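Have a look at the structure below before the remarks.
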Amino acid sequence: MDLRLTEEQKMVQQVARDFALNEVKPLAAELDKTARFPTELIKRMSELGFMGIPFPDKYGGAGMDYLSYALVVEEISVACASTGVILSAHSSLCCDPIYASGTEEQKKKFLTPLANGQKIGCLGLTEPSAGSDVVNLKTTAVKDGSSWVVNGAKLFITNGGQADIAVIAAITDKAKAHKGISVFIVEKGTKGFRVGKHEEIAAQAVGIARAALEASVKYSKERTQFNQPISNFQAIQWMLADMATEIDAARLLTHRAALLKDTGAPYIAEAAMAKLFASETATRVTHKGIQIHGGYGYTKDYPMERFYRDARITEIYEGTSEIQRLVIANNLLK
Ligand SMILES: Cc1cc2nc3c(=O)[nH]c(=O)nc-3n(C[C@H](O)[C@H](O)[C@H](O)COP(=O)(O)OP(=O)(O)OC[C@H]3O[C@@H](n4cnc5c(N)ncnc54)[C@H](O)[C@@H]3O)c2cc1C
């Protein structure tokens, strides 16, 4: 497998890096503090074609591949994990299911305004009593003439408050377990659709870990103890070396999964390995990042504590680490 980037992929990576550094990073601390939805960044990401990177231009997308998408999400997540997850929830959780399973009419009507960034999307799967165990969903959908009546409540939905279009999972045939779950495209303004209370915190793993490493390298060169920069101490160097090595491994796994998806090869186990390793790497790396920053890592004067909070959630949402291990093991044992 050739993991080298093409010229086009390098170009989109550079555009994302410049955008992240100049426009996203300056807002990151404020967005974390106020939990404000960054409408201005969504507008800019639409202009840059980031809201529909892997979807064909006939559906409003940028017509690029999933690897380019992974590159952009990493760059944006280095600057601001919340903005990274707004983009990935919109693209992977809402646009992708419509692209993969929608009818031509649904793709034209719903995917196009999502992929060109006119509209924002979300996925409503999780419920108060059904997280990992989706068969236990309580939301039902019942056919009523030519319509469906969907009834239930969702929680923890990224972009839920702002989404114009929601992909909602509901039980249509309880007896069929997993196979009895259907997804419905629900537009904002649909009768009975209501948004509940706002939750905080979100993230994307490789980008967060990289942000923690970059901050730690910088800090270790600036901070002096015993009349020398702490980067002179081997204990600090080893932590930095381990952080860099794990991040590279996580990125390679992520790129491999994206490449497999791009080529149409099976990728479920590889995607689970990437998700598992990258999110646990983010936690380990940010943990070390706090250690390197000493007491300052724990304060809000430095972004390290935010990186740690952002890293921790990546082990939980979009399938917990335990569920990723189940997917990998099932693949081995089938
Ligand atoms: C910030 C944030 C954003 C989110 N965004 C979205 C979103 O956009 N859309 C959406 O639908 N959901 C979203 N979620 C929900 C998220 O996907 C769930 O929290 C996650 O799937 C875990 O479900 P749970 O919280 O109910 O935990 P549970 O499923 O109750 O799990 C609790 C613990 O038990 C473990 N466990 C459960 N089952 C097994 C098993 N069979 N074997 C071993 N261990 C197991 C879990 O791994 C975990 O450690 C978000 C959550 C957060 C916090």
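Identifiers in this document derive from the order of the structure tokens: chains are assigned A, B, ..., residues are numbered from 1 separately in each chain, and ligands are numbered from 1 in order of occurrence.
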
Expected answer as an MDAnalysis selection string: strand (DSSP E or B) residues in range 84-168 of chain A: chainID A and resid 121:124 127 130 140:144 147:151 165:168

Shell of 12 Å around range 145-153 of chain A, only C-alpha atoms, local chain residues under 5 positions omitted, as a PyMOL selection string: chain A and resi 124-130+137-140+160+167-172+182-186+190-197

Expected selection as a VMD selection string for ligand 1 within 7 Å, only C-alpha atoms and all ligand atoms: chain A and resid 89 122 to 126 128 to 133 155 to 159 200 to 202 313 316 to 323 326

Would you export the selected residues with N, CA and C atoms as an mmCIF file, in the first residue's frame, please?
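Printed below is again39.cif as written:
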data_model
loop_
_atom_site.group_PDB
_atom_site.id
_atom_site.type_symbol
_atom_site.label_atom_id
_atom_site.label_comp_id
_atom_site.auth_asym_id
_atom_site.auth_seq_id
_atom_site.Cartn_x
_atom_site.Cartn_y
_atom_site.Cartn_z
ATOM 1 N N ALA A 89 -18.607 15.188 12.211
ATOM 2 C CA ALA A 89 -19.981 14.709 12.461
ATOM 3 C C ALA A 89 -20.862 15.034 11.255
ATOM 4 N N CYS A 122 -26.400 16.297 11.128
ATOM 5 C CA CYS A 122 -26.026 15.533 12.322
ATOM 6 C C CYS A 122 -26.596 14.127 12.217
ATOM 7 N N LEU A 123 -26.121 13.255 13.108
ATOM 8 C CA LEU A 123 -26.668 11.897 13.218
ATOM 9 C C LEU A 123 -27.269 11.735 14.603
ATOM 10 N N GLY A 124 -28.511 11.325 14.659
ATOM 11 C CA GLY A 124 -29.171 11.056 15.943
ATOM 12 C C GLY A 124 -29.327 9.561 16.140
ATOM 13 N N LEU A 125 -28.332 8.970 16.804
ATOM 14 C CA LEU A 125 -28.386 7.524 17.074
ATOM 15 C C LEU A 125 -28.582 7.285 18.578
ATOM 16 N N THR A 126 -27.713 7.896 19.384
ATOM 17 C CA THR A 126 -27.688 7.614 20.833
ATOM 18 C C THR A 126 -28.960 8.098 21.535
ATOM 19 N N PRO A 128 -30.979 7.958 25.736
ATOM 20 C CA PRO A 128 -30.628 7.831 27.160
ATOM 21 C C PRO A 128 -30.325 6.389 27.562
ATOM 22 N N SER A 129 -31.074 5.417 27.050
ATOM 23 C CA SER A 129 -30.818 4.028 27.474
ATOM 24 C C SER A 129 -30.167 3.181 26.378
ATOM 25 N N ALA A 130 -29.738 3.796 25.293
ATOM 26 C CA ALA A 130 -29.102 3.032 24.204
ATOM 27 C C ALA A 130 -27.926 3.812 23.643
ATOM 28 N N GLY A 131 -26.715 3.403 24.085
ATOM 29 C CA GLY A 131 -25.489 3.998 23.540
ATOM 30 C C GLY A 131 -24.809 2.970 22.661
ATOM 31 N N SER A 132 -23.956 2.142 23.284
ATOM 32 C CA SER A 132 -23.298 1.066 22.536
ATOM 33 C C SER A 132 -24.330 0.047 22.037
ATOM 34 N N ASP A 133 -25.353 -0.169 22.834
ATOM 35 C CA ASP A 133 -26.345 -1.214 22.539
ATOM 36 C C ASP A 133 -27.492 -0.641 21.703
ATOM 37 N N LEU A 155 -29.927 11.875 22.532
ATOM 38 C CA LEU A 155 -29.074 12.786 23.306
ATOM 39 C C LEU A 155 -27.623 12.705 22.860
ATOM 40 N N PHE A 156 -26.836 13.689 23.287
ATOM 41 C CA PHE A 156 -25.399 13.801 22.957
ATOM 42 C C PHE A 156 -25.171 14.016 21.463
ATOM 43 N N ILE A 157 -26.070 14.674 20.761
ATOM 44 C CA ILE A 157 -25.947 14.729 19.299
ATOM 45 C C ILE A 157 -25.091 15.928 18.870
ATOM 46 N N THR A 158 -23.905 15.625 18.323
ATOM 47 C CA THR A 158 -23.016 16.687 17.835
ATOM 48 C C THR A 158 -23.711 17.432 16.698
ATOM 49 N N ASN A 159 -23.679 18.744 16.739
ATOM 50 C CA ASN A 159 -24.357 19.631 15.777
ATOM 51 C C ASN A 159 -25.878 19.621 15.938
ATOM 52 N N GLU A 200 -21.516 19.986 26.532
ATOM 53 C CA GLU A 200 -20.204 20.547 26.152
ATOM 54 C C GLU A 200 -19.191 19.411 25.759
ATOM 55 N N ILE A 201 -18.154 19.787 25.145
ATOM 56 C CA ILE A 201 -16.899 19.017 24.853
ATOM 57 C C ILE A 201 -16.957 18.121 23.622
ATOM 58 N N ALA A 202 -15.881 18.190 22.770
ATOM 59 C CA ALA A 202 -15.793 17.218 21.647
ATOM 60 C C ALA A 202 -14.369 17.191 21.067
ATOM 61 N N ILE A 313 -12.711 12.281 25.228
ATOM 62 C CA ILE A 313 -14.008 11.932 24.638
ATOM 63 C C ILE A 313 -13.854 11.076 23.383
ATOM 64 N N ILE A 316 -14.740 7.585 23.572
ATOM 65 C CA ILE A 316 -16.128 7.245 23.906
ATOM 66 C C ILE A 316 -17.065 7.389 22.717
ATOM 67 N N TYR A 317 -17.010 8.564 22.060
ATOM 68 C CA TYR A 317 -18.039 8.718 21.010
ATOM 69 C C TYR A 317 -17.632 8.044 19.707
ATOM 70 N N GLU A 318 -18.630 7.909 18.849
ATOM 71 C CA GLU A 318 -18.479 7.172 17.578
ATOM 72 C C GLU A 318 -17.964 5.751 17.828
ATOM 73 N N GLY A 319 -18.486 5.128 18.885
ATOM 74 C CA GLY A 319 -18.087 3.766 19.244
ATOM 75 C C GLY A 319 -16.973 3.788 20.262
ATOM 76 N N THR A 320 -17.249 3.313 21.487
ATOM 77 C CA THR A 320 -16.231 3.336 22.547
ATOM 78 C C THR A 320 -15.061 2.412 22.177
ATOM 79 N N SER A 321 -13.968 2.534 22.934
ATOM 80 C CA SER A 321 -12.805 1.666 22.684
ATOM 81 C C SER A 321 -13.183 0.195 22.837
ATOM 82 N N GLU A 322 -14.073 -0.092 23.810
ATOM 83 C CA GLU A 322 -14.474 -1.491 24.010
ATOM 84 C C GLU A 322 -15.227 -2.012 22.778
ATOM 85 N N ILE A 323 -16.074 -1.163 22.222
ATOM 86 C CA ILE A 323 -16.835 -1.598 21.038
ATOM 87 C C ILE A 323 -15.896 -1.754 19.836
ATOM 88 N N LEU A 326 -14.362 -5.041 20.194
ATOM 89 C CA LEU A 326 -15.310 -6.098 19.811
ATOM 90 C C LEU A 326 -15.334 -6.270 18.298
#

Contact residues around Leu260 in chain A with only C-alpha atoms at 10 Å, ignoring same-chain residues under 5 positions, as a PyMOL selection string: chain A and resi 1+66-67+255+265-268+270-271

Please produce an output containing C-alpha atoms for each residue in the selection, written as a PDB file, in the first residue's frame.
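Result saved to selection_11.pdb:
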ATOM      1  CA  MET A   1       0.000   0.000   0.000  1.00  0.00           C
ATOM      2  CA  TYR A  66     -11.348  10.020   2.108  1.00  0.00           C
ATOM      3  CA  LEU A  67      -7.634  10.411   2.701  1.00  0.00           C
ATOM      4  CA  HIS A 255      -4.509   6.826   6.448  1.00  0.00           C
ATOM      5  CA  ALA A 265     -11.748  -2.612  -0.214  1.00  0.00           C
ATOM      6  CA  PRO A 266     -13.126  -3.928   3.121  1.00  0.00           C
ATOM      7  CA  TYR A 267     -12.069  -1.500   5.835  1.00  0.00           C
ATOM      8  CA  ILE A 268     -14.290  -2.024   8.892  1.00  0.00           C
ATOM      9  CA  GLU A 270      -8.928  -1.434   9.935  1.00  0.00           C
ATOM     10  CA  ALA A 271     -11.130   1.604  10.675  1.00  0.00           C
TER      11      ALA A 271
END

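In this comparison, which uses only C-alpha atoms, the residue of A:Glu40, A:Glu315, A:Asp65, A:Asp57 approaching Thr112 in chain A most closely is A:Asp57.
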
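With distances restricted to only C-alpha atoms, A:Ala269 is the closest residue to Lys334 in chain A from A:Val285, A:Ala269, A:Asp144, A:Asp96.
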
Distance query Thr281 in chain A at most 8 Å, only C-alpha atoms, self and fewer than 2 positions along chain excluded, as a list in words: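 In the requested form, the answer reads Ala205, Val206, Ala209, Glu246, Ile247, Ala250, Phe277, Ala278, Ser279, Thr283, Arg284 and Val285 of chain A.
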
Those in range 34-118 of chain A with helix (DSSP H, G or I) from DSSP, as a PyMOL selection string: chain A and resi 34+39-47+50-52+57-59+66-79+81-101+104-115

Quick one: write out the picked residues with C-alpha atoms as an mmCIF file, in the first residue's frame?
data_model
loop_
_atom_site.group_PDB
_atom_site.id
_atom_site.type_symbol
_atom_site.label_atom_id
_atom_site.label_comp_id
_atom_site.auth_asym_id
_atom_site.auth_seq_id
_atom_site.Cartn_x
_atom_site.Cartn_y
_atom_site.Cartn_z
ATOM 1 C CA THR A 34 -18.171 29.886 25.781
ATOM 2 C CA THR A 39 -20.882 29.864 12.430
ATOM 3 C CA GLU A 40 -18.177 32.015 10.809
ATOM 4 C CA LEU A 41 -15.820 29.008 10.560
ATOM 5 C CA ILE A 42 -18.554 26.839 9.019
ATOM 6 C CA LYS A 43 -19.046 29.548 6.387
ATOM 7 C CA ARG A 44 -15.315 29.577 5.648
ATOM 8 C CA MET A 45 -15.158 25.762 5.532
ATOM 9 C CA SER A 46 -18.022 25.846 3.005
ATOM 10 C CA GLU A 47 -16.088 28.362 0.876
ATOM 11 C CA PHE A 50 -14.380 21.287 3.280
ATOM 12 C CA MET A 51 -18.009 20.481 4.102
ATOM 13 C CA GLY A 52 -18.235 17.778 1.441
ATOM 14 C CA ASP A 57 -19.273 17.411 -7.247
ATOM 15 C CA LYS A 58 -22.623 16.426 -8.770
ATOM 16 C CA TYR A 59 -23.868 16.254 -5.157
ATOM 17 C CA TYR A 66 -11.348 10.020 2.108
ATOM 18 C CA LEU A 67 -7.634 10.411 2.701
ATOM 19 C CA SER A 68 -7.884 14.112 1.801
ATOM 20 C CA TYR A 69 -10.797 14.325 4.203
ATOM 21 C CA ALA A 70 -8.696 12.718 6.986
ATOM 22 C CA LEU A 71 -5.887 15.197 6.303
ATOM 23 C CA VAL A 72 -8.237 18.169 6.623
ATOM 24 C CA VAL A 73 -9.865 16.874 9.818
ATOM 25 C CA GLU A 74 -6.418 16.370 11.387
ATOM 26 C CA GLU A 75 -5.255 19.897 10.527
ATOM 27 C CA ILE A 76 -8.421 21.515 11.850
ATOM 28 C CA SER A 77 -8.385 19.369 14.999
ATOM 29 C CA VAL A 78 -4.822 20.460 15.770
ATOM 30 C CA ALA A 79 -6.187 23.993 15.985
ATOM 31 C CA ALA A 81 -11.027 19.874 18.309
ATOM 32 C CA SER A 82 -14.579 21.219 18.528
ATOM 33 C CA THR A 83 -14.409 22.618 15.003
ATOM 34 C CA GLY A 84 -12.866 19.339 13.844
ATOM 35 C CA VAL A 85 -15.722 17.314 15.241
ATOM 36 C CA ILE A 86 -18.373 19.672 13.838
ATOM 37 C CA LEU A 87 -16.872 18.941 10.427
ATOM 38 C CA SER A 88 -16.508 15.195 10.946
ATOM 39 C CA ALA A 89 -19.981 14.709 12.461
ATOM 40 C CA HIS A 90 -21.458 16.643 9.541
ATOM 41 C CA SER A 91 -19.464 14.687 6.910
ATOM 42 C CA SER A 92 -19.072 11.187 8.344
ATOM 43 C CA LEU A 93 -22.219 10.842 10.403
ATOM 44 C CA CYS A 94 -24.752 12.692 8.259
ATOM 45 C CA CYS A 95 -23.528 13.104 4.652
ATOM 46 C CA ASP A 96 -21.877 9.694 4.427
ATOM 47 C CA PRO A 97 -24.955 7.560 5.250
ATOM 48 C CA ILE A 98 -27.038 9.573 2.776
ATOM 49 C CA TYR A 99 -24.346 9.140 0.115
ATOM 50 C CA ALA A 100 -23.919 5.426 0.848
ATOM 51 C CA SER A 101 -27.570 4.435 1.213
ATOM 52 C CA GLU A 104 -30.797 9.438 -6.081
ATOM 53 C CA GLU A 105 -33.629 11.818 -5.170
ATOM 54 C CA GLN A 106 -32.492 11.957 -1.516
ATOM 55 C CA LYS A 107 -28.894 12.600 -2.544
ATOM 56 C CA LYS A 108 -29.916 15.480 -4.790
ATOM 57 C CA LYS A 109 -32.308 16.974 -2.279
ATOM 58 C CA PHE A 110 -30.382 16.496 0.992
ATOM 59 C CA LEU A 111 -26.751 15.642 0.284
ATOM 60 C CA THR A 112 -26.184 18.517 -2.153
ATOM 61 C CA PRO A 113 -26.942 21.389 0.272
ATOM 62 C CA LEU A 114 -25.048 19.546 3.021
ATOM 63 C CA ALA A 115 -21.936 18.849 0.940
#
